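Asks: Structure supplied as my_file_25.csv; contents: CSV, N, CA and C atoms.
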chain,number,residue,atom,x,y,z
A,24,MET,N,0.8,-1.2,0.0
A,24,MET,CA,0.0,0.0,0.0
A,24,MET,C,0.9,1.2,0.0
A,25,PRO,N,0.6,2.2,-0.9
A,25,PRO,CA,1.5,3.4,-0.9
A,25,PRO,C,1.3,4.3,0.3
A,26,SER,N,2.3,5.1,0.6
A,26,SER,CA,2.2,6.1,1.7
A,26,SER,C,1.3,7.2,1.2
A,27,ARG,N,0.7,7.9,2.2
A,27,ARG,CA,-0.3,8.9,1.9
A,27,ARG,C,0.1,10.2,2.5
A,28,PHE,N,-0.5,11.3,2.1
A,28,PHE,CA,-0.3,12.6,2.7
A,28,PHE,C,-1.6,13.3,2.9
A,29,VAL,N,-1.7,14.3,3.7
A,29,VAL,CA,-2.8,15.2,3.8
A,29,VAL,C,-2.4,16.6,4.2
A,30,ILE,N,-3.1,17.6,3.7
A,30,ILE,CA,-2.9,19.0,4.1
A,30,ILE,C,-4.2,19.4,4.7
A,31,LEU,N,-4.2,19.8,6.0
A,31,LEU,CA,-5.4,20.3,6.7
A,31,LEU,C,-5.3,21.8,7.0
A,32,GLN,N,-6.3,22.5,6.7
A,32,GLN,CA,-6.4,23.9,7.1
A,32,GLN,C,-6.9,23.9,8.5
A,33,HIS,N,-6.1,24.4,9.4
A,33,HIS,CA,-6.4,24.4,10.9
A,33,HIS,C,-6.8,25.8,11.3
A,34,THR,N,-8.0,26.0,11.7
A,34,THR,CA,-8.5,27.3,12.1
A,34,THR,C,-8.7,27.2,13.6
A,35,VAL,N,-8.2,28.3,14.3
A,35,VAL,CA,-8.4,28.5,15.7
A,35,VAL,C,-8.8,29.9,15.9
A,36,GLY,N,-10.1,30.1,16.2
A,36,GLY,CA,-10.5,31.5,16.4
A,36,GLY,C,-10.4,32.2,15.0
A,37,GLU,N,-9.7,33.4,15.0
A,37,GLU,CA,-9.5,34.2,13.8
A,37,GLU,C,-8.3,33.8,13.1
A,38,SER,N,-7.4,32.9,13.6
A,38,SER,CA,-6.1,32.6,13.0
A,38,SER,C,-6.2,31.2,12.3
A,39,GLN,N,-5.4,31.1,11.3
A,39,GLN,CA,-5.3,29.8,10.6
A,39,GLN,C,-3.9,29.5,10.2
A,40,HIS,N,-3.6,28.2,10.1
A,40,HIS,CA,-2.4,27.7,9.5
A,40,HIS,C,-2.7,26.4,8.8
A,41,TRP,N,-1.7,25.8,8.2
A,41,TRP,CA,-1.9,24.5,7.5
A,41,TRP,C,-1.0,23.4,8.1
A,42,ASP,N,-1.6,22.3,8.4
A,42,ASP,CA,-0.9,21.1,8.9
A,42,ASP,C,-0.6,20.2,7.7
A,43,PHE,N,0.7,20.0,7.4
A,43,PHE,CA,1.2,19.2,6.3
A,43,PHE,C,1.6,17.9,6.9
A,44,MET,N,1.0,16.8,6.6
A,44,MET,CA,1.3,15.5,7.2
A,44,MET,C,1.7,14.4,6.2
A,45,LEU,N,2.8,13.7,6.4
A,45,LEU,CA,3.3,12.6,5.6
A,45,LEU,C,3.3,11.3,6.4
A,46,GLU,N,2.7,10.3,5.8
A,46,GLU,CA,2.6,9.0,6.4
A,46,GLU,C,4.0,8.4,6.4
A,47,ARG,N,4.4,7.9,7.5
A,47,ARG,CA,5.8,7.3,7.6
A,47,ARG,C,5.9,6.5,8.9
A,48,ALA,N,6.2,5.3,8.8
A,48,ALA,CA,6.4,4.4,10.0
A,48,ALA,C,5.2,4.4,10.9
A,49,GLY,N,4.0,4.3,10.4
A,49,GLY,CA,2.8,4.1,11.2
A,49,GLY,C,2.3,5.4,11.8
A,50,VAL,N,2.9,6.6,11.6
A,50,VAL,CA,2.4,7.8,12.1
A,50,VAL,C,2.4,8.9,11.0
A,51,LEU,N,1.9,10.1,11.3
A,51,LEU,CA,2.0,11.2,10.3
A,51,LEU,C,3.0,12.2,10.8
A,52,ALA,N,4.1,12.2,10.1
A,52,ALA,CA,5.1,13.3,10.4
A,52,ALA,C,4.4,14.6,10.0
A,53,THR,N,4.5,15.6,10.9
A,53,THR,CA,3.7,16.8,10.7
A,53,THR,C,4.5,18.1,10.9
A,54,TRP,N,4.2,19.0,9.9
A,54,TRP,CA,4.8,20.3,10.0
A,54,TRP,C,3.6,21.4,9.9
A,55,ARG,N,3.8,22.5,10.6
A,55,ARG,CA,2.9,23.6,10.6
A,55,ARG,C,3.4,24.6,9.5
A,56,LEU,N,2.6,24.9,8.6
A,56,LEU,CA,2.9,25.9,7.5
A,56,LEU,C,2.0,27.1,7.6
A,57,ASP,N,2.6,28.3,7.3
A,57,ASP,CA,1.9,29.6,7.3
A,57,ASP,C,0.9,29.7,6.1
A,58,ARG,N,1.2,29.0,5.0
A,58,ARG,CA,0.3,29.0,3.9
A,58,ARG,C,0.3,27.6,3.3
A,59,PRO,N,-0.7,27.3,2.5
A,59,PRO,CA,-0.7,25.9,1.9
A,59,PRO,C,0.3,25.8,0.7
A,60,PRO,N,0.9,24.7,0.5
A,60,PRO,CA,1.7,24.5,-0.7
A,60,PRO,C,0.8,24.3,-1.9
A,61,THR,N,1.3,24.8,-3.0
A,61,THR,CA,0.5,24.6,-4.3
A,61,THR,C,1.5,24.2,-5.4
A,62,THR,N,0.9,23.6,-6.4
A,62,THR,CA,1.7,23.1,-7.5
A,62,THR,C,2.2,24.4,-8.3
A,63,GLY,N,3.5,24.4,-8.6
A,63,GLY,CA,4.1,25.4,-9.4
A,63,GLY,C,4.5,26.6,-8.6
A,64,ASP,N,4.3,26.7,-7.3
A,64,ASP,CA,4.8,27.8,-6.5
A,64,ASP,C,6.2,27.6,-6.0
A,65,ASP,N,7.1,28.4,-6.4
A,65,ASP,CA,8.5,28.3,-6.1
A,65,ASP,C,8.9,29.0,-4.8
A,66,ARG,N,8.0,29.7,-4.2
A,66,ARG,CA,8.3,30.4,-2.9
A,66,ARG,C,8.5,29.5,-1.8
A,67,PRO,N,9.6,29.6,-1.0
A,67,PRO,CA,9.7,28.7,0.2
A,67,PRO,C,8.7,29.0,1.2
A,68,ILE,N,8.3,28.0,2.0
A,68,ILE,CA,7.3,28.2,3.1
A,68,ILE,C,8.0,27.8,4.4
A,69,PRO,N,8.1,28.7,5.4
A,69,PRO,CA,8.7,28.2,6.6
A,69,PRO,C,7.8,27.1,7.2
A,70,ALA,N,8.4,26.1,7.7
A,70,ALA,CA,7.7,24.9,8.2
A,70,ALA,C,8.3,24.6,9.6
A,71,ILE,N,7.4,24.4,10.6
A,71,ILE,CA,7.7,24.1,11.9
A,71,ILE,C,7.3,22.7,12.2
A,72,LYS,N,8.3,21.8,12.5
A,72,LYS,CA,8.1,20.4,12.8
A,72,LYS,C,7.3,20.4,14.2
A,73,ILE,N,6.2,19.7,14.2
A,73,ILE,CA,5.4,19.5,15.4
A,73,ILE,C,5.3,18.0,15.7
A,74,ASP,N,4.6,17.7,16.8
A,74,ASP,CA,4.5,16.3,17.1
A,74,ASP,C,3.8,15.5,16.0
A,75,ASP,N,4.3,14.2,15.8
A,75,ASP,CA,3.6,13.3,14.9
A,75,ASP,C,2.1,13.2,15.3
A,76,HIS,N,1.3,12.9,14.3
A,76,HIS,CA,-0.1,12.8,14.5
A,76,HIS,C,-0.5,11.3,14.2
A,77,ARG,N,-1.7,10.9,14.7
A,77,ARG,CA,-2.3,9.6,14.4
A,77,ARG,C,-2.7,9.5,12.9
A,78,ILE,N,-2.6,8.3,12.4
A,78,ILE,CA,-3.0,8.0,11.0
A,78,ILE,C,-4.4,8.5,10.8
A,79,ALA,N,-5.3,8.4,11.8
A,79,ALA,CA,-6.7,8.8,11.6
A,79,ALA,C,-6.9,10.2,11.0
A,80,TYR,N,-5.9,11.1,11.2
A,80,TYR,CA,-6.0,12.4,10.6
A,80,TYR,C,-6.0,12.4,9.1
A,81,LEU,N,-5.6,11.3,8.5
A,81,LEU,CA,-5.6,11.3,7.0
A,81,LEU,C,-7.1,11.5,6.5
A,82,ASP,N,-8.0,11.0,7.3
A,82,ASP,CA,-9.4,11.1,6.8
A,82,ASP,C,-10.3,12.0,7.7
A,83,TYR,N,-9.7,12.7,8.6
A,83,TYR,CA,-10.5,13.5,9.6
A,83,TYR,C,-10.7,14.9,9.1
A,84,GLU,N,-11.9,15.4,9.4
A,84,GLU,CA,-12.3,16.8,9.3
A,84,GLU,C,-13.2,17.1,10.4
A,85,GLY,N,-13.1,18.3,11.0
A,85,GLY,CA,-14.0,18.7,12.1
A,85,GLY,C,-13.3,19.3,13.3
A,86,PRO,N,-14.0,19.3,14.4
A,86,PRO,CA,-13.4,20.0,15.6
A,86,PRO,C,-12.3,19.1,16.2
A,87,ILE,N,-11.3,19.8,16.9
A,87,ILE,CA,-10.2,19.2,17.6
A,87,ILE,C,-10.5,19.3,19.1
A,88,SER,N,-10.3,18.2,19.8
A,88,SER,CA,-10.6,18.2,21.2
A,88,SER,C,-9.8,19.3,22.0
A,89,GLY,N,-10.3,19.7,23.1
A,89,GLY,CA,-9.6,20.7,24.0
A,89,GLY,C,-9.7,22.1,23.4
A,90,ALA,N,-10.8,22.4,22.7
A,90,ALA,CA,-11.0,23.7,22.1
A,90,ALA,C,-9.8,24.2,21.3
A,91,ARG,N,-9.2,23.3,20.5
A,91,ARG,CA,-8.0,23.7,19.7
A,91,ARG,C,-8.4,23.9,18.3
A,92,GLY,N,-9.6,24.3,18.0
A,92,GLY,CA,-10.0,24.7,16.7
A,92,GLY,C,-10.6,23.6,15.9
A,93,SER,N,-10.6,23.7,14.6
A,93,SER,CA,-11.1,22.7,13.7
A,93,SER,C,-10.2,22.6,12.5
A,94,VAL,N,-10.3,21.4,11.8
A,94,VAL,CA,-9.5,21.2,10.6
A,94,VAL,C,-10.4,20.8,9.4
A,95,GLN,N,-10.0,21.3,8.3
A,95,GLN,CA,-10.7,20.9,7.0
A,95,GLN,C,-9.6,20.5,6.0
A,96,ARG,N,-9.9,19.4,5.4
A,96,ARG,CA,-8.9,18.8,4.4
A,96,ARG,C,-8.9,19.7,3.2
A,97,VAL,N,-7.7,20.1,2.8
A,97,VAL,CA,-7.4,20.9,1.6
A,97,VAL,C,-7.0,20.0,0.4
A,98,CYS,N,-6.2,19.0,0.7
A,98,CYS,CA,-5.7,18.1,-0.3
A,98,CYS,C,-5.2,16.8,0.4
A,99,SER,N,-5.4,15.7,-0.3
A,99,SER,CA,-4.8,14.4,0.2
A,99,SER,C,-4.5,13.6,-1.0
A,100,GLY,N,-3.7,12.5,-0.8
A,100,GLY,CA,-3.4,11.6,-1.8
A,100,GLY,C,-2.2,10.8,-1.5
A,101,GLU,N,-1.4,10.4,-2.5
A,101,GLU,CA,-0.3,9.5,-2.3
A,101,GLU,C,1.0,10.3,-2.3
A,102,VAL,N,2.0,9.9,-1.5
A,102,VAL,CA,3.3,10.5,-1.5
A,102,VAL,C,4.3,9.4,-1.9
A,103,VAL,N,5.2,9.8,-2.8
A,103,VAL,CA,6.3,8.9,-3.2
A,103,VAL,C,7.6,9.5,-2.8
A,104,TYR,N,8.3,8.8,-1.9
A,104,TYR,CA,9.6,9.4,-1.3
A,104,TYR,C,10.7,9.2,-2.3
A,105,ALA,N,11.5,10.2,-2.5
A,105,ALA,CA,12.7,10.1,-3.4
A,105,ALA,C,14.0,10.1,-2.5
A,106,GLU,N,14.0,10.9,-1.4
A,106,GLU,CA,15.2,10.9,-0.6
A,106,GLU,C,14.8,11.3,0.8
A,107,MET,N,15.4,10.6,1.8
A,107,MET,CA,15.1,10.8,3.2
A,107,MET,C,16.3,10.7,4.0
A,108,THR,N,16.7,11.9,4.5
A,108,THR,CA,17.9,12.0,5.4
A,108,THR,C,17.4,12.8,6.6
A,109,ASP,N,18.3,13.0,7.6
A,109,ASP,CA,18.0,13.8,8.7
A,109,ASP,C,17.8,15.3,8.4
A,110,ARG,N,18.4,15.7,7.2
A,110,ARG,CA,18.3,17.1,6.8
A,110,ARG,C,17.5,17.4,5.6
A,111,ILE,N,17.1,16.4,4.9
A,111,ILE,CA,16.3,16.7,3.7
A,111,ILE,C,15.3,15.5,3.4
A,112,TRP,N,14.1,15.9,3.1
A,112,TRP,CA,13.1,14.9,2.7
A,112,TRP,C,12.6,15.4,1.3
A,113,ARG,N,12.8,14.6,0.3
A,113,ARG,CA,12.3,14.9,-1.1
A,113,ARG,C,11.3,13.9,-1.4
A,114,PHE,N,10.2,14.4,-2.1
A,114,PHE,CA,9.0,13.5,-2.3
A,114,PHE,C,8.2,14.1,-3.4
A,115,GLU,N,7.3,13.3,-4.0
A,115,GLU,CA,6.3,13.7,-5.0
A,115,GLU,C,5.0,13.5,-4.3
A,116,LEU,N,4.2,14.6,-4.4
A,116,LEU,CA,2.8,14.5,-4.0
A,116,LEU,C,1.9,14.3,-5.2
A,117,LYS,N,1.0,13.3,-5.0
A,117,LYS,CA,0.0,12.9,-6.1
A,117,LYS,C,-1.4,13.1,-5.5
A,118,GLY,N,-1.9,14.3,-5.5
A,118,GLY,CA,-3.2,14.5,-4.9
A,118,GLY,C,-4.2,15.1,-5.8
A,119,ALA,N,-5.4,15.4,-5.3
A,119,ALA,CA,-6.5,15.9,-6.1
A,119,ALA,C,-6.1,17.2,-6.7
A,120,SER,N,-5.5,18.1,-6.0
A,120,SER,CA,-5.2,19.5,-6.4
A,120,SER,C,-3.7,19.8,-6.5
A,121,ILE,N,-2.9,18.9,-5.9
A,121,ILE,CA,-1.4,19.1,-5.9
A,121,ILE,C,-0.7,17.9,-6.5
A,122,ASN,N,0.0,18.1,-7.6
A,122,ASN,CA,0.8,17.1,-8.2
A,122,ASN,C,2.1,17.7,-8.6
A,123,ASP,N,3.1,17.5,-7.7
A,123,ASP,CA,4.4,18.1,-8.0
A,123,ASP,C,5.4,17.5,-7.0
A,124,SER,N,6.7,17.8,-7.3
A,124,SER,CA,7.8,17.3,-6.4
A,124,SER,C,8.1,18.5,-5.4
A,125,PHE,N,8.3,18.1,-4.2
A,125,PHE,CA,8.6,19.0,-3.1
A,125,PHE,C,9.8,18.5,-2.3
A,126,GLN,N,10.3,19.4,-1.4
A,126,GLN,CA,11.2,19.0,-0.4
A,126,GLN,C,11.1,19.8,0.9
A,127,LEU,N,11.4,19.1,1.9
A,127,LEU,CA,11.5,19.7,3.3
A,127,LEU,C,13.0,19.8,3.6
A,128,VAL,N,13.5,20.9,3.9
A,128,VAL,CA,15.0,21.1,4.2
A,128,VAL,C,15.1,21.6,5.7
A,129,TYR,N,15.9,20.8,6.5
A,129,TYR,CA,16.1,21.2,7.9
A,129,TYR,C,16.9,22.4,8.0
A,130,LYS,N,16.5,23.3,8.9
A,130,LYS,CA,17.3,24.6,9.1
A,130,LYS,C,17.9,24.6,10.5
A,131,ASP,N,17.1,24.5,11.6
A,131,ASP,CA,17.6,24.6,12.9
A,131,ASP,C,16.5,24.3,13.9
A,132,GLY,N,16.8,23.6,15.0
A,132,GLY,CA,15.7,23.3,16.0
A,132,GLY,C,14.6,22.6,15.4
A,133,GLN,N,13.4,23.2,15.4
A,133,GLN,CA,12.2,22.6,14.8
A,133,GLN,C,11.9,23.3,13.5
A,134,GLU,N,12.8,24.1,13.0
A,134,GLU,CA,12.6,24.9,11.8
A,134,GLU,C,13.0,24.1,10.6
A,135,TRP,N,12.1,24.0,9.6
A,135,TRP,CA,12.4,23.5,8.3
A,135,TRP,C,11.9,24.5,7.3
A,136,GLU,N,12.2,24.2,6.0
A,136,GLU,CA,11.7,25.0,4.9
A,136,GLU,C,11.1,24.0,3.9
A,137,PHE,N,9.9,24.3,3.5
A,137,PHE,CA,9.1,23.5,2.5
A,137,PHE,C,9.1,24.3,1.2
A,138,HIS,N,9.5,23.6,0.1
A,138,HIS,CA,9.4,24.3,-1.2
A,138,HIS,C,9.4,23.2,-2.3
A,139,ARG,N,9.1,23.7,-3.5
A,139,ARG,CA,9.0,22.9,-4.6
A,139,ARG,C,10.4,22.4,-5.0
A,140,ALA,N,10.6,21.1,-5.3
A,140,ALA,CA,11.9,20.6,-5.6
A,140,ALA,C,12.2,20.9,-7.1
A,141,VAL,N,13.3,21.5,-7.3
A,141,VAL,CA,13.8,21.8,-8.7
A,141,VAL,C,14.9,20.8,-9.0
A,142,SER,N,14.9,20.4,-10.3
A,142,SER,CA,16.0,19.5,-10.7
A,142,SER,C,17.3,20.0,-10.3
A,143,GLY,N,18.1,19.1,-9.7
A,143,GLY,CA,19.5,19.5,-9.3
A,143,GLY,C,19.5,20.2,-7.9
A,144,SER,N,18.4,20.3,-7.2
A,144,SER,CA,18.4,21.0,-5.9
A,144,SER,C,18.5,20.0,-4.8
Here is the file; what I need is its structure written in the form of structure tokens.

Replies:
Amino acid sequence: MPSRFVILQHTVGESQHWDFMLERAGVLATWRLDRPPTTGDDRPIPAIKIDDHRIAYLDYEGPISGARGSVQRVCSGEVVYAEMTDRIWRFELKGASINDSFQLVYKDGQEWEFHRAVSGS
């Protein structure tokens, strides 16, 4: 069975961010993004690594317990990993609205950078 991904719009009161989740080793590795990734967008997105989430979030939409807002699925689909190290994750997303190659590059602490993967990068 292929690995999956999901992008959730997470709204808490008047603020929002996007949770980017990649299925890996029985959990969803998760990053918080200030804006959603899109196909063809070359602008880097700051990404904060947060705790892994349960696989159930692949299919979940609705309120989050503890008055932590609600989530709505923006895109989901299959992820194909190309490179996985401690400092870089390269992958292709095959979703309903996003079909492109991306990478997460480690910066410092919990800080990563999410951007479209360009040949040779």

Asks: Which of segment 40-127 of chain A counts as helix (DSSP H, G or I) under DSSP, as a list in words please?

Replies: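 Residues meeting the helix (DSSP H, G or I) criterion: Ile78, Ala79, Tyr80 and Leu81 of chain A.
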
Asks: Write out as a Markdown table a residue-level contact list of segment 46-85 of chain A versus segment 111-128 of chain A with cut-off 12 Å: for each qualifying residue the closest pair of atoms and the distance in Å to one decimal, counting only C-alpha atoms, rows sorted by chain and residue number upward.

Replies:
| residue | atom | partner | partner_atom | distance |
| --- | --- | --- | --- | --- |
| A:Glu46 | CA | A:Phe114 | CA | 11.7 |
| A:Arg47 | CA | A:Trp112 | CA | 11.6 |
| A:Ala52 | CA | A:Trp112 | CA | 11.2 |
| A:Thr53 | CA | A:Leu127 | CA | 11.1 |
| A:Trp54 | CA | A:Leu127 | CA | 9.5 |
| A:Arg55 | CA | A:Leu127 | CA | 11.9 |
| A:Leu56 | CA | A:Leu127 | CA | 11.4 |
| A:Pro59 | CA | A:Ile121 | CA | 10.4 |
| A:Pro60 | CA | A:Ile121 | CA | 8.1 |
| A:Thr61 | CA | A:Ile121 | CA | 6.0 |
| A:Thr62 | CA | A:Ile121 | CA | 5.3 |
| A:Gly63 | CA | A:Asp123 | CA | 7.4 |
| A:Asp64 | CA | A:Asp123 | CA | 9.8 |
| A:Asp65 | CA | A:Phe125 | CA | 9.8 |
| A:Arg66 | CA | A:Phe125 | CA | 11.4 |
| A:Pro67 | CA | A:Leu127 | CA | 9.7 |
| A:Ile68 | CA | A:Leu127 | CA | 9.5 |
| A:Pro69 | CA | A:Leu127 | CA | 9.5 |
| A:Ala70 | CA | A:Leu127 | CA | 8.1 |
| A:Ile71 | CA | A:Leu127 | CA | 10.4 |
| A:Lys72 | CA | A:Leu127 | CA | 10.1 |

Asks: To one decimal place, how far is atom C of Gly85 of chain A from atom CA of Ile73 of chain A in Å?

Replies: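 Computed distance, atom C of Gly85 of chain A to atom CA of Ile73 of chain A, equals 18.8 Å.
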
Asks: To one decimal place in Å, what is the distance between atom C of Arg91 of chain A and atom CA of His76 of chain A?

Replies: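 Calculated distance between atom C of Arg91 of chain A and atom CA of His76 of chain A is 14.4 Å.
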
Asks: Residues within 8 Å of Asp82 of chain A, please, as JSON, numbers by chain. Count all atoms listed in the file; anything in the same chain fewer than 5 positions from it doesn't count.

Replies: {"A": [29, 77, 96]}

Asks: Check chain A with DSSP on the backbone and list each residue it calls strand (DSSP E or B), as an NGL selection string.

Replies: :A and (26-35 or 38-47 or 50-56 or 68-76 or 85-86 or 93-107 or 111-118 or 122-131 or 134-139)

Asks: Select, from A:Met44, A:Met107, A:Met24, A:Ala140, the residue with the minimum atom-to-atom distance to Leu81 of chain A, counting all atoms listed in the file.

Replies: A:Met44

Asks: Separation of atom C of Pro25 of chain A and atom N of Asp131 of chain A, in Å?

Replies: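 If I compute the distance from atom C of Pro25 of chain A to atom N of Asp131 of chain A, I get 28.0 Å.
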